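Trainee: My structure is in model_26.tsv, and what it holds is TSV, C-alpha atoms:
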chain	number	residue	atom	x	y	z
R	1	MET	CA	-40.88	36.09	3.39
R	2	LYS	CA	-41.29	33.93	6.49
R	3	LYS	CA	-42.01	30.24	6.05
R	4	GLU	CA	-45.42	28.94	7.20
R	5	ILE	CA	-44.82	25.87	9.39
R	6	LEU	CA	-47.39	23.56	10.95
R	7	PHE	CA	-46.27	22.20	14.33
R	8	PHE	CA	-48.07	18.94	15.18
R	9	SER	CA	-47.64	17.36	18.62
R	10	ASN	CA	-49.44	16.39	21.81
R	11	LEU	CA	-46.37	17.62	23.72
R	12	TYR	CA	-47.16	21.29	24.14
R	13	PRO	CA	-48.46	23.34	27.09
R	14	LEU	CA	-52.22	23.12	27.53
R	15	PRO	CA	-54.41	25.75	29.21
R	16	TRP	CA	-54.94	23.32	32.10
R	17	GLU	CA	-51.41	21.82	32.05
R	18	GLN	CA	-48.91	24.60	31.51
R	19	THR	CA	-45.86	22.49	32.44
R	20	ARG	CA	-46.44	20.09	29.52
R	21	GLY	CA	-43.91	20.00	26.67
R	22	GLN	CA	-41.82	22.93	27.86
R	23	PHE	CA	-38.96	21.96	25.53
R	24	ASN	CA	-41.28	22.31	22.51
R	25	LEU	CA	-42.53	25.65	23.80
R	26	GLN	CA	-38.97	26.97	24.02
R	27	GLN	CA	-37.92	25.55	20.66
R	28	THR	CA	-40.93	26.91	18.75
R	29	ALA	CA	-40.66	30.30	20.48
R	30	HIS	CA	-37.20	30.71	18.96
R	31	MET	CA	-38.37	29.42	15.58
R	32	GLU	CA	-41.09	32.09	15.51
R	33	ALA	CA	-38.41	34.77	15.14
R	34	GLN	CA	-37.84	33.51	11.58
R	35	ALA	CA	-41.06	31.67	10.69
R	36	ASN	CA	-44.83	31.76	11.17
R	37	LEU	CA	-46.00	28.73	13.14
R	38	SER	CA	-49.43	27.21	13.55
R	39	TYR	CA	-49.93	24.69	16.35
R	40	LEU	CA	-52.04	21.56	15.98
R	41	ILE	CA	-52.42	19.83	19.36
R	42	PRO	CA	-54.31	16.50	19.68
R	43	VAL	CA	-55.99	15.99	23.05
R	44	SER	CA	-57.57	12.79	24.37
R	45	PHE	CA	-61.26	13.01	23.41
R	46	VAL	CA	-62.39	12.52	27.02
R	47	THR	CA	-60.21	15.42	28.19
R	48	TRP	CA	-61.20	17.53	25.17
R	49	PHE	CA	-64.92	17.18	25.89
R	50	LYS	CA	-64.38	17.93	29.59
R	51	LYS	CA	-61.89	20.79	29.32
R	52	VAL	CA	-62.50	22.38	25.91
R	53	LEU	CA	-66.10	21.72	24.96
R	54	ILE	CA	-67.66	21.92	28.43
R	55	GLY	CA	-65.05	23.79	30.46
R	56	ARG	CA	-64.26	26.30	27.67
R	57	GLU	CA	-60.55	26.05	28.45
R	58	ASN	CA	-58.94	26.91	25.16
R	59	TYR	CA	-56.31	29.14	23.62
R	60	ALA	CA	-57.43	32.53	22.35
R	61	GLN	CA	-54.74	32.56	19.66
R	62	LYS	CA	-56.07	31.70	16.23
R	63	ASN	CA	-52.85	29.88	15.32
R	64	ILE	CA	-53.39	27.19	18.00
R	65	CYS	CA	-55.93	24.42	17.44
R	66	LEU	CA	-56.77	21.81	20.09
R	67	PHE	CA	-58.70	18.94	18.54
R	68	PRO	CA	-60.12	15.69	20.01
R	69	PHE	CA	-58.14	12.50	19.46
R	70	PHE	CA	-60.66	9.65	19.25
R	71	TYR	CA	-59.35	6.17	20.08
R	72	ILE	CA	-60.36	3.02	21.97
R	73	PRO	CA	-58.65	3.13	25.39
R	74	GLY	CA	-56.66	0.01	26.22
R	75	PHE	CA	-57.28	-1.60	22.83
R	76	GLY	CA	-55.37	-1.84	19.56
R	77	ARG	CA	-52.63	0.70	20.18
R	78	SER	CA	-51.27	-0.11	16.74
R	79	LEU	CA	-54.44	1.46	15.34
R	80	ASN	CA	-53.71	4.83	16.94
R	81	PRO	CA	-52.19	6.40	13.78
R	82	LEU	CA	-55.38	5.47	11.91
R	83	PHE	CA	-57.53	6.78	14.77
R	84	MET	CA	-55.48	9.99	14.71
R	85	LEU	CA	-56.05	10.33	10.96
R	86	ILE	CA	-59.81	9.78	11.42
R	87	SER	CA	-59.83	12.37	14.22
R	88	ILE	CA	-58.15	14.89	11.93
R	89	VAL	CA	-60.69	14.26	9.16
R	90	ILE	CA	-63.68	14.44	11.53
R	91	SER	CA	-62.45	17.67	13.08
R	92	ILE	CA	-62.06	19.22	9.58
R	93	LYS	CA	-59.95	22.23	10.64
R	94	PRO	CA	-56.80	20.10	11.28
R	95	LEU	CA	-57.22	18.50	7.84
R	96	LEU	CA	-57.47	21.93	6.20
R	97	TRP	CA	-54.32	23.05	8.04
R	98	PHE	CA	-52.39	20.04	6.75
R	99	ALA	CA	-53.66	20.74	3.23
R	100	LYS	CA	-52.53	24.37	3.19
R	101	HIS	CA	-49.06	24.00	4.76
R	102	LYS	CA	-45.92	23.29	2.78
R	103	TYR	CA	-43.87	22.51	5.90
R	104	VAL	CA	-44.88	20.24	8.80
R	105	LEU	CA	-42.95	19.47	11.98
R	106	ALA	CA	-44.32	16.43	13.84
R	107	SER	CA	-42.78	16.28	17.29
R	108	TRP	CA	-43.32	12.70	18.57
R	109	ALA	CA	-42.91	9.81	16.19
R	110	TYR	CA	-45.89	7.73	17.28
R	111	PRO	CA	-48.63	8.25	16.39
R	112	GLU	CA	-48.11	11.86	15.23
R	113	GLY	CA	-45.16	11.12	12.96
R	114	VAL	CA	-46.86	8.10	11.37
R	115	THR	CA	-50.12	9.98	10.79
R	116	ALA	CA	-48.26	12.97	9.33
R	117	ALA	CA	-46.44	10.61	6.95
R	118	MET	CA	-49.82	9.28	5.75
R	119	LEU	CA	-51.00	12.82	5.09
R	120	LYS	CA	-47.74	13.67	3.32
R	121	LYS	CA	-48.59	10.97	0.77
R	122	ILE	CA	-51.79	12.93	0.03
R	123	PHE	CA	-50.71	16.56	0.29
R	124	GLY	CA	-46.98	16.31	-0.52
R	125	PHE	CA	-45.69	18.70	2.15
R	126	ASN	CA	-42.14	18.77	3.52
R	127	LEU	CA	-42.23	16.66	6.71
R	128	THR	CA	-39.75	16.62	9.57
R	129	ILE	CA	-40.42	14.02	12.27
R	130	ASP	CA	-38.81	14.98	15.57
R	131	CYS	CA	-38.02	11.83	17.59
R	132	LEU	CA	-37.56	12.29	21.32
R	133	GLY	CA	-36.66	8.87	22.72
R	134	SER	CA	-39.35	6.58	24.06
R	135	ASP	CA	-41.52	7.27	21.00
R	136	VAL	CA	-38.95	5.18	19.10
R	137	ASN	CA	-37.39	2.96	21.77
R	138	VAL	CA	-40.69	1.76	23.25
R	139	HIS	CA	-42.97	1.60	20.21
R	140	SER	CA	-40.37	-0.18	18.06
R	141	LEU	CA	-40.60	-3.14	20.46
R	142	CYS	CA	-44.02	-3.93	18.96
R	143	PRO	CA	-43.60	-5.45	15.45
R	144	LYS	CA	-46.71	-3.73	14.07
R	145	ARG	CA	-45.74	-0.32	15.41
R	146	LYS	CA	-42.15	-0.81	14.29
R	147	LYS	CA	-43.41	-1.41	10.75
R	148	GLN	CA	-45.46	1.79	10.96
R	149	LEU	CA	-42.44	3.73	12.19
R	150	ALA	CA	-40.41	2.36	9.29
R	151	PHE	CA	-43.06	3.66	6.89
R	152	ALA	CA	-43.02	7.09	8.53
R	153	PHE	CA	-39.22	7.39	8.62
R	154	LYS	CA	-38.92	6.25	5.02
R	155	HIS	CA	-41.40	8.83	3.74
R	156	ALA	CA	-40.41	11.77	5.96
R	157	THR	CA	-38.31	14.47	4.34
R	158	THR	CA	-36.12	14.49	7.46
R	159	VAL	CA	-36.05	12.55	10.71
R	160	ALA	CA	-34.57	14.58	13.55
R	161	THR	CA	-33.32	12.86	16.70
R	162	LYS	CA	-32.18	14.18	20.07
R	163	SER	CA	-29.01	12.06	20.15
R	164	ASN	CA	-26.69	10.03	17.95
R	165	ALA	CA	-27.79	6.91	19.81
R	166	LEU	CA	-31.40	7.56	18.81
R	167	ALA	CA	-30.32	8.29	15.23
R	168	ALA	CA	-28.72	4.85	15.06
R	169	LYS	CA	-31.96	3.32	16.33
R	170	VAL	CA	-33.97	5.10	13.62
R	171	LEU	CA	-31.59	3.78	10.95
R	172	GLU	CA	-32.02	0.26	12.32
R	173	ILE	CA	-35.75	0.66	11.71
R	174	ALA	CA	-35.49	2.41	8.33
R	175	SER	CA	-32.05	2.35	6.74
R	176	SER	CA	-33.06	4.76	3.96
R	177	ALA	CA	-34.25	7.49	6.34
R	178	LYS	CA	-32.58	10.88	6.14
R	179	VAL	CA	-31.59	11.33	9.79
R	180	ARG	CA	-30.11	14.36	11.53
R	181	THR	CA	-29.16	14.69	15.18
R	182	ILE	CA	-30.44	17.99	16.58
R	183	TYR	CA	-29.93	18.32	20.32
R	184	ASN	CA	-32.39	20.26	22.43
R	185	GLY	CA	-31.19	23.57	23.77
R	186	VAL	CA	-31.03	25.25	27.16
R	187	ASN	CA	-32.40	28.59	28.26
R	188	PHE	CA	-29.22	30.01	29.79
R	189	GLU	CA	-31.08	33.10	30.95
R	190	ARG	CA	-33.43	31.00	33.08
R	191	PHE	CA	-30.89	28.38	34.09
R	192	ASN	CA	-27.64	29.88	35.27
R	193	VAL	CA	-24.82	29.28	37.71
R	194	ASP	CA	-25.72	29.78	41.33
R	195	LYS	CA	-23.77	29.13	44.48
R	196	LYS	CA	-24.32	25.62	45.77
R	197	PRO	CA	-25.73	25.16	49.28
R	198	ASP	CA	-23.08	25.64	51.95
R	199	SER	CA	-24.19	22.65	53.98
R	200	SER	CA	-22.69	19.43	55.25
R	201	LYS	CA	-26.01	17.79	54.40
R	202	LEU	CA	-25.90	16.23	50.94
R	203	LYS	CA	-28.82	17.66	48.96
R	204	LEU	CA	-29.91	15.47	46.06
R	205	LEU	CA	-32.57	16.13	43.43
R	206	PHE	CA	-34.65	13.98	41.08
R	207	ILE	CA	-36.80	15.58	38.36
R	208	GLY	CA	-38.97	13.45	36.09
R	209	ASN	CA	-42.12	11.41	35.74
R	210	LEU	CA	-42.85	9.15	38.69
R	211	ILE	CA	-42.88	5.95	36.65
R	212	PRO	CA	-40.84	2.74	37.03
R	213	THR	CA	-38.64	3.30	33.95
R	214	LYS	CA	-37.23	6.50	35.48
R	215	GLY	CA	-35.61	4.30	38.14
R	216	VAL	CA	-37.46	6.00	41.00
R	217	PHE	CA	-37.93	2.82	43.04
R	218	GLU	CA	-34.26	1.91	42.67
R	219	LEU	CA	-33.40	5.48	43.68
R	220	LEU	CA	-35.41	5.10	46.90
R	221	ALA	CA	-33.66	1.79	47.58
R	222	ALA	CA	-30.35	3.62	47.13
R	223	ALA	CA	-31.61	6.29	49.55
R	224	LYS	CA	-32.22	3.55	52.09
R	225	LEU	CA	-28.61	2.40	51.61
R	226	LEU	CA	-27.43	5.96	52.22
R	227	LYS	CA	-29.49	6.10	55.40
R	228	ASP	CA	-28.19	2.72	56.59
R	229	LYS	CA	-24.61	3.97	56.00
R	230	ASN	CA	-25.38	7.07	58.10
R	231	VAL	CA	-24.93	9.49	55.21
R	232	ASP	CA	-26.50	12.86	56.05
R	233	PHE	CA	-28.60	13.58	52.98
R	234	GLU	CA	-31.88	14.96	51.68
R	235	LEU	CA	-33.55	13.80	48.46
R	236	SER	CA	-36.31	15.81	46.75
R	237	LEU	CA	-38.47	14.17	44.08
R	238	ILE	CA	-40.01	16.65	41.64
R	239	GLY	CA	-42.61	15.36	39.21
R	240	LYS	CA	-45.91	13.62	39.01
R	241	GLY	CA	-47.02	10.19	37.89
R	242	PRO	CA	-48.96	7.02	38.65
R	243	GLU	CA	-46.41	5.64	41.14
R	244	LYS	CA	-46.64	8.54	43.60
R	245	ASN	CA	-48.69	6.63	46.18
R	246	LYS	CA	-46.48	3.53	46.00
R	247	LEU	CA	-43.40	5.70	46.45
R	248	ALA	CA	-45.00	7.38	49.46
R	249	ILE	CA	-45.72	3.97	50.99
R	250	TYR	CA	-42.11	2.85	50.42
R	251	ILE	CA	-40.82	6.02	52.06
R	252	GLU	CA	-43.00	5.42	55.12
R	253	GLN	CA	-42.26	1.70	55.38
R	254	ASN	CA	-38.50	2.36	55.29
R	255	ALA	CA	-38.56	5.33	57.66
R	256	LEU	CA	-37.29	7.73	55.02
R	257	GLN	CA	-39.77	10.54	55.79
R	258	ASN	CA	-37.05	12.79	57.18
R	259	ARG	CA	-34.74	12.13	54.22
R	260	VAL	CA	-36.97	11.92	51.12
R	261	LYS	CA	-39.69	14.37	50.08
R	262	ILE	CA	-42.12	14.05	47.18
R	263	ILE	CA	-42.54	17.64	45.99
R	264	GLY	CA	-44.84	17.01	43.02
R	265	ALA	CA	-44.93	18.97	39.76
R	266	ILE	CA	-43.70	22.56	39.81
R	267	PRO	CA	-43.63	25.30	37.14
R	268	HIS	CA	-40.66	25.09	34.80
R	269	ALA	CA	-39.62	28.63	35.73
R	270	GLN	CA	-39.07	27.52	39.34
R	271	LEU	CA	-36.62	24.71	38.61
R	272	ASN	CA	-33.58	26.98	38.73
R	273	LYS	CA	-33.97	27.59	42.46
R	274	TRP	CA	-34.18	23.85	43.08
R	275	PHE	CA	-30.93	23.30	41.20
R	276	ALA	CA	-29.37	26.15	43.20
R	277	ASN	CA	-30.35	24.38	46.42
R	278	SER	CA	-29.03	20.97	45.34
R	279	HIS	CA	-25.58	19.46	45.10
R	280	ALA	CA	-26.44	16.94	42.37
R	281	LEU	CA	-29.22	15.75	40.05
R	282	ILE	CA	-29.82	11.97	40.15
R	283	LEU	CA	-31.44	10.31	37.13
R	284	PRO	CA	-31.20	6.48	37.13
R	285	SER	CA	-33.44	5.89	34.08
R	286	TYR	CA	-33.80	2.56	32.30
R	287	ARG	CA	-33.76	4.34	28.93
R	288	GLU	CA	-33.57	7.95	27.75
R	289	GLY	CA	-32.90	10.23	24.81
R	290	VAL	CA	-31.07	13.28	26.13
R	291	PRO	CA	-33.32	14.56	28.94
R	292	ASN	CA	-33.69	18.33	28.99
R	293	VAL	CA	-33.50	18.26	32.77
R	294	ILE	CA	-29.90	17.04	32.53
R	295	MET	CA	-28.87	19.96	30.34
R	296	GLU	CA	-30.76	22.40	32.56
R	297	ALA	CA	-28.90	21.03	35.58
R	298	LEU	CA	-25.55	21.40	33.81
R	299	ALA	CA	-26.46	24.97	32.84
R	300	THR	CA	-26.65	25.76	36.57
R	301	GLY	CA	-23.30	24.12	37.26
R	302	THR	CA	-25.01	21.14	38.92
R	303	PRO	CA	-23.28	17.76	38.39
R	304	VAL	CA	-25.47	14.87	37.23
R	305	VAL	CA	-25.41	11.25	38.38
R	306	ALA	CA	-27.19	9.27	35.63
R	307	THR	CA	-27.31	5.89	33.97
R	308	SER	CA	-25.21	5.55	30.82
R	309	VAL	CA	-28.17	4.96	28.49
R	310	GLY	CA	-29.38	6.50	25.24
R	311	GLY	CA	-27.81	9.86	24.50
R	312	ILE	CA	-26.80	10.63	28.10
R	313	PRO	CA	-23.10	9.73	27.49
R	314	GLU	CA	-23.15	12.28	24.65
R	315	VAL	CA	-23.55	15.15	27.15
R	316	ILE	CA	-22.18	13.65	30.39
R	317	THR	CA	-18.44	13.02	30.63
R	318	ASN	CA	-17.64	10.83	33.62
R	319	LYS	CA	-16.04	12.78	36.49
R	320	VAL	CA	-16.04	15.99	34.42
R	321	ASN	CA	-19.65	17.15	34.59
R	322	GLY	CA	-21.19	14.12	36.24
R	323	ILE	CA	-21.01	10.44	37.12
R	324	LEU	CA	-22.14	7.78	34.66
R	325	LEU	CA	-23.76	4.70	36.20
R	326	ASN	CA	-23.31	1.25	34.68
R	327	SER	CA	-26.83	0.28	35.70
R	328	TYR	CA	-29.90	1.56	37.54
R	329	GLN	CA	-29.57	-0.99	40.34
R	330	PRO	CA	-29.68	0.50	43.88
R	331	GLU	CA	-26.10	-0.49	44.75
R	332	ASN	CA	-24.82	1.18	41.57
R	333	ILE	CA	-26.79	4.35	42.32
R	334	TYR	CA	-25.44	4.38	45.87
R	335	GLN	CA	-21.86	3.92	44.64
R	336	GLY	CA	-22.34	6.64	42.02
R	337	ILE	CA	-23.54	9.10	44.65
R	338	MET	CA	-20.56	8.26	46.85
R	339	GLN	CA	-18.22	8.79	43.87
R	340	PHE	CA	-19.86	12.16	43.37
R	341	THR	CA	-19.04	13.17	46.96
R	342	GLU	CA	-15.36	12.30	46.43
R	343	GLN	CA	-14.93	14.64	43.43
R	344	ASN	CA	-14.14	18.35	43.31
R	345	TRP	CA	-16.56	20.01	40.92
R	346	SER	CA	-16.16	23.24	38.97
R	347	SER	CA	-19.46	24.94	38.13
R	348	GLU	CA	-17.79	26.94	35.37
R	349	SER	CA	-16.40	23.80	33.69
R	350	ILE	CA	-19.77	22.09	33.95
R	351	VAL	CA	-21.54	24.99	32.24
R	352	LYS	CA	-18.85	25.20	29.55
R	353	SER	CA	-19.47	21.54	28.64
R	354	ILE	CA	-22.87	22.44	27.13
R	355	GLU	CA	-22.52	26.13	26.27
R	356	HIS	CA	-23.04	25.36	22.58
R	357	LEU	CA	-26.48	23.82	23.19
R	358	THR	CA	-28.68	26.88	22.86
R	359	TRP	CA	-32.30	27.02	21.71
R	360	GLN	CA	-31.23	29.50	19.04
R	361	ASN	CA	-28.91	26.91	17.50
R	362	THR	CA	-31.59	24.22	17.77
R	363	SER	CA	-34.27	26.31	16.07
R	364	GLU	CA	-31.92	27.34	13.25
R	365	GLN	CA	-31.04	23.70	12.58
R	366	PHE	CA	-34.73	22.80	12.29
R	367	LEU	CA	-35.47	25.76	10.03
R	368	ARG	CA	-32.67	24.69	7.67
R	369	GLU	CA	-34.56	21.43	7.08
R	370	PHE	CA	-37.50	23.36	5.60
R	371	THR	CA	-36.19	24.23	2.17
Would you encode the structure as structure tokens?

Mentor:
Amino acid sequence: MKKEILFFSNLYPLPWEQTRGQFNLQQTAHMEAQANLSYLIPVSFVTWFKKVLIGRENYAQKNICLFPFFYIPGFGRSLNPLFMLISIVISIKPLLWFAKHKYVLASWAYPEGVTAAMLKKIFGFNLTIDCLGSDVNVHSLCPKRKKQLAFAFKHATTVATKSNALAAKVLEIASSAKVRTIYNGVNFERFNVDKKPDSSKLKLLFIGNLIPTKGVFELLAAAKLLKDKNVDFELSLIGKGPEKNKLAIYIEQNALQNRVKIIGAIPHAQLNKWFANSHALILPSYREGVPNVIMEALATGTPVVATSVGGIPEVITNKVNGILLNSYQPENIYQGIMQFTEQNWSSESIVKSIEHLTWQNTSEQFLREFT
């Protein structure tokens, strides 16, 4: 008999934002081969009223529930787990779903993981908290939120992390937590080896949120260095975020319009063709778990130039399937890109470096936690 599992996370595709949480969509799709999943998705109350209540944008499937997350914007972020709990109680249906499920997977430690841990104390279900990276690294910087995370990790049945580096961080917060590293997988049918562009122009790619901690401003400064050194290159920025306008201004002020293009967000299914048309993925993040975009790039035989932070060194071997940067400073990014151009790369070897990281393996590891 298939297990009944409640998946609880804000990181899942929404009817009006289909690109959201693609990694969770792929993971749960594989889990559904061996288990019955119900999906509980909190949505900001403002968006919920606009899109769901008024706009009638909702899922037809009975096993997916979008509910409003009530909170006070810009105030008391440490109260968000409590606000989430109140939202669940007010909405009634989410509370009933927690009450009837024996197994719960909370993907995102804060506030989902903390709130789920509170409910576990009441209903006694088996709880796995899936930590992704910034949900631990950022929120643990606040003493109050760190204490809440410690509570959640201590009371969870299992804490899953995307890297060994993140597992060590969880154990720093709660030494008694039962932690397991479960890497995300790659869809090797969607992302596969393609011939790299036969061009003397160096084609570089960035994929991620357009926010400062992704190193996007430092990347543009490195692009200016490339231009000043007369390197023939093209950089495409794929993603959306609050810094888009500032990035556009920087590009114009530094006469990079012919070298750097802001593409915006694109459907996940279209990423493969962008990898096929690029020589390297550049990701100079300040902090990371193990970004799915890195593994998707490697699955296409595309080398990665990335900062040596978080779990990135666990999948990138310097000068084998990418270049590891010592820092996200522009000069380091520039030097890393130049090192990339001096190497001979084997697409087959790059793919082989992550061939074990399949979504099938990932889903089976999660299902083994629900016993």

Trainee: Env of stretch 94-99 of chain R: 12 Å cut, atoms = all atoms listed in the file, seq-sep filter 4 positions within chain, self excluded. Answer as a PyMOL selection string.

Mentor: chain R and resi 4-8+37-42+63-69+84-90+103-106+115-127

Trainee: Could you please determine the separation between atom CA of R:Val136 and atom CA of R:Thr161 in Å, to one decimal place?

Mentor: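 Separating atom CA of R:Val136 from atom CA of R:Thr161 is a distance of 9.8 Å.
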
Trainee: One decimal, in Å: what's the spacing between atom CA of R:Ala109 and atom CA of R:Ser285?

Mentor: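 Straight-line distance from atom CA of R:Ala109 to atom CA of R:Ser285 works out to 20.6 Å.
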
Trainee: Of the residues R:Asn209, R:Tyr71, R:Gln34, R:Val320, which is the one nearest to R:Arg20, using all atoms listed in the file?

Mentor: R:Asn209

Trainee: For stretch 182-201 of chain R, take all atoms listed in the file, fit an axis-aligned box around them, add 8 Å to each of the six sides, then output centre and edge lengths in Å rounded to one decimal, as AutoDock Vina command-line options.

Mentor:
--center_x -28.1 --center_y 25.4 --center_z 35.9 --size_x 26.7 --size_y 31.3 --size_z 54.7

Trainee: Counting all atoms listed in the file, what are the residues of stretch 264-367 of chain R within 6 Å of stretch 177-191 of chain R, and for each of them which pair of atoms is the nearest and at what distance in Å, to one decimal? Sort the table by chain and rising number, as a Markdown table.

Mentor:
| residue | atom | partner | partner_atom | distance |
| --- | --- | --- | --- | --- |
| R:Asn272 | CA | R:Phe191 | CA | 5.5 |
| R:Ala299 | CA | R:Phe191 | CA | 5.7 |
| R:Thr300 | CA | R:Phe191 | CA | 5.6 |
| R:Leu357 | CA | R:Gly185 | CA | 4.8 |
| R:Thr358 | CA | R:Gly185 | CA | 4.3 |
| R:Trp359 | CA | R:Gly185 | CA | 4.2 |

Trainee: With all atoms listed in the file counted and 10 Å as the cut-off, give the residues of stretch 166-233 of chain R in contact with stretch 335-347 of chain R, each with its shortest interatomic distance in Å and the pair that gives it, as a Markdown table.

Mentor:
| residue | atom | partner | partner_atom | distance |
| --- | --- | --- | --- | --- |
| R:Asn192 | CA | R:Ser347 | CA | 10.0 |
| R:Val193 | CA | R:Ser347 | CA | 6.9 |
| R:Asp194 | CA | R:Ser347 | CA | 8.5 |
| R:Lys195 | CA | R:Ser347 | CA | 8.7 |
| R:Lys196 | CA | R:Ser347 | CA | 9.1 |
| R:Leu202 | CA | R:Thr341 | CA | 8.5 |
| R:Leu204 | CA | R:Ile337 | CA | 9.1 |
| R:Ala222 | CA | R:Gln335 | CA | 8.9 |
| R:Ala223 | CA | R:Ile337 | CA | 9.9 |
| R:Leu225 | CA | R:Gln335 | CA | 9.8 |
| R:Leu226 | CA | R:Met338 | CA | 9.0 |
| R:Val231 | CA | R:Met338 | CA | 9.5 |

Trainee: For each of R:Met1, R:Ala221, R:Ala255, R:Ile266, take the minimum atom-to-atom distance to R:Gly239, counting all atoms listed in the file, then give the residue where this is smallest.

Mentor: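 Smallest separation from R:Gly239 among the options: R:Ile266.
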
Trainee: What does the distance from atom CA of R:Leu325 to atom CA of R:Asn254 come to in Å, to one decimal?

Mentor: 24.2 Å

Trainee: Find the residue from R:Trp108, R:Ile92, R:Ile72, R:Ala174 that sits nearest to R:Asn10; use only C-alpha atoms when measuring.

Mentor: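 Smallest separation from R:Asn10 among the options: R:Trp108.
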
Trainee: Tell me which of R:His155, R:Lys227, R:Lys319, R:Arg56 sits closest to R:Thr128, counting all atoms listed in the file.

Mentor: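 Using all atoms listed in the file, R:Thr128 sits closest to R:His155.
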
Trainee: May I ask which of the residues R:Pro330, R:Gly133, R:Gly74, R:Pro143 is the closest one to R:Val309, counting all atoms listed in the file?

Mentor: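 Closest residue, counting all atoms listed in the file: R:Gly133.
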
Trainee: Would you pick out the contacts of R:Ser176 at 12 Å or less, using all atoms listed in the file, so that residues sharing its chain but fewer than 4 positions from it are not included, and give the list as a list in words?

Mentor: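 Skipping anything fewer than 4 positions along the chain leaves Ala150, Phe151, Ala152, Phe153, Lys154, His155, Ala156, Thr157, Thr158, Val159, Ala168, Val170, Leu171 and Glu172 of chain R.
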
Trainee: Can you rebuild stretch 288-302 of chain R with N, CA and C atoms and give it as a PDB file, in the frame of the given file?

Mentor:
ATOM      1  N   GLU R 288     -33.386   6.505  27.916  1.00  0.00           N
ATOM      2  CA  GLU R 288     -33.570   7.950  27.750  1.00  0.00           C
ATOM      3  C   GLU R 288     -33.115   8.361  26.347  1.00  0.00           C
ATOM      4  N   GLY R 289     -33.501   9.569  25.960  1.00  0.00           N
ATOM      5  CA  GLY R 289     -32.900  10.230  24.810  1.00  0.00           C
ATOM      6  C   GLY R 289     -31.756  11.056  25.389  1.00  0.00           C
ATOM      7  N   VAL R 290     -31.930  12.380  25.355  1.00  0.00           N
ATOM      8  CA  VAL R 290     -31.070  13.280  26.130  1.00  0.00           C
ATOM      9  C   VAL R 290     -32.033  14.164  26.925  1.00  0.00           C
ATOM     10  N   PRO R 291     -32.312  13.818  28.163  1.00  0.00           N
ATOM     11  CA  PRO R 291     -33.320  14.560  28.940  1.00  0.00           C
ATOM     12  C   PRO R 291     -32.962  16.032  29.089  1.00  0.00           C
ATOM     13  N   ASN R 292     -33.929  16.900  28.839  1.00  0.00           N
ATOM     14  CA  ASN R 292     -33.690  18.330  28.990  1.00  0.00           C
ATOM     15  C   ASN R 292     -33.278  18.686  30.406  1.00  0.00           C
ATOM     16  N   VAL R 293     -33.808  17.942  31.372  1.00  0.00           N
ATOM     17  CA  VAL R 293     -33.500  18.260  32.770  1.00  0.00           C
ATOM     18  C   VAL R 293     -32.009  18.099  33.055  1.00  0.00           C
ATOM     19  N   ILE R 294     -31.347  17.201  32.345  1.00  0.00           N
ATOM     20  CA  ILE R 294     -29.900  17.040  32.530  1.00  0.00           C
ATOM     21  C   ILE R 294     -29.170  18.290  32.050  1.00  0.00           C
ATOM     22  N   MET R 295     -29.540  18.781  30.873  1.00  0.00           N
ATOM     23  CA  MET R 295     -28.870  19.960  30.340  1.00  0.00           C
ATOM     24  C   MET R 295     -29.188  21.204  31.165  1.00  0.00           C
ATOM     25  N   GLU R 296     -30.403  21.267  31.709  1.00  0.00           N
ATOM     26  CA  GLU R 296     -30.760  22.400  32.560  1.00  0.00           C
ATOM     27  C   GLU R 296     -29.958  22.365  33.864  1.00  0.00           C
ATOM     28  N   ALA R 297     -29.739  21.159  34.385  1.00  0.00           N
ATOM     29  CA  ALA R 297     -28.900  21.030  35.580  1.00  0.00           C
ATOM     30  C   ALA R 297     -27.476  21.486  35.287  1.00  0.00           C
ATOM     31  N   LEU R 298     -26.920  21.025  34.168  1.00  0.00           N
ATOM     32  CA  LEU R 298     -25.550  21.400  33.810  1.00  0.00           C
ATOM     33  C   LEU R 298     -25.419  22.905  33.594  1.00  0.00           C
ATOM     34  N   ALA R 299     -26.487  23.527  33.065  1.00  0.00           N
ATOM     35  CA  ALA R 299     -26.460  24.970  32.840  1.00  0.00           C
ATOM     36  C   ALA R 299     -26.364  25.751  34.152  1.00  0.00           C
ATOM     37  N   THR R 300     -26.748  25.118  35.256  1.00  0.00           N
ATOM     38  CA  THR R 300     -26.650  25.760  36.570  1.00  0.00           C
ATOM     39  C   THR R 300     -25.381  25.344  37.304  1.00  0.00           C
ATOM     40  N   GLY R 301     -24.520  24.586  36.614  1.00  0.00           N
ATOM     41  CA  GLY R 301     -23.300  24.120  37.260  1.00  0.00           C
ATOM     42  C   GLY R 301     -23.520  22.967  38.207  1.00  0.00           C
ATOM     43  N   THR R 302     -24.663  22.272  38.049  1.00  0.00           N
ATOM     44  CA  THR R 302     -25.010  21.140  38.920  1.00  0.00           C
ATOM     45  C   THR R 302     -24.566  19.830  38.293  1.00  0.00           C
TER      46      THR R 302
END
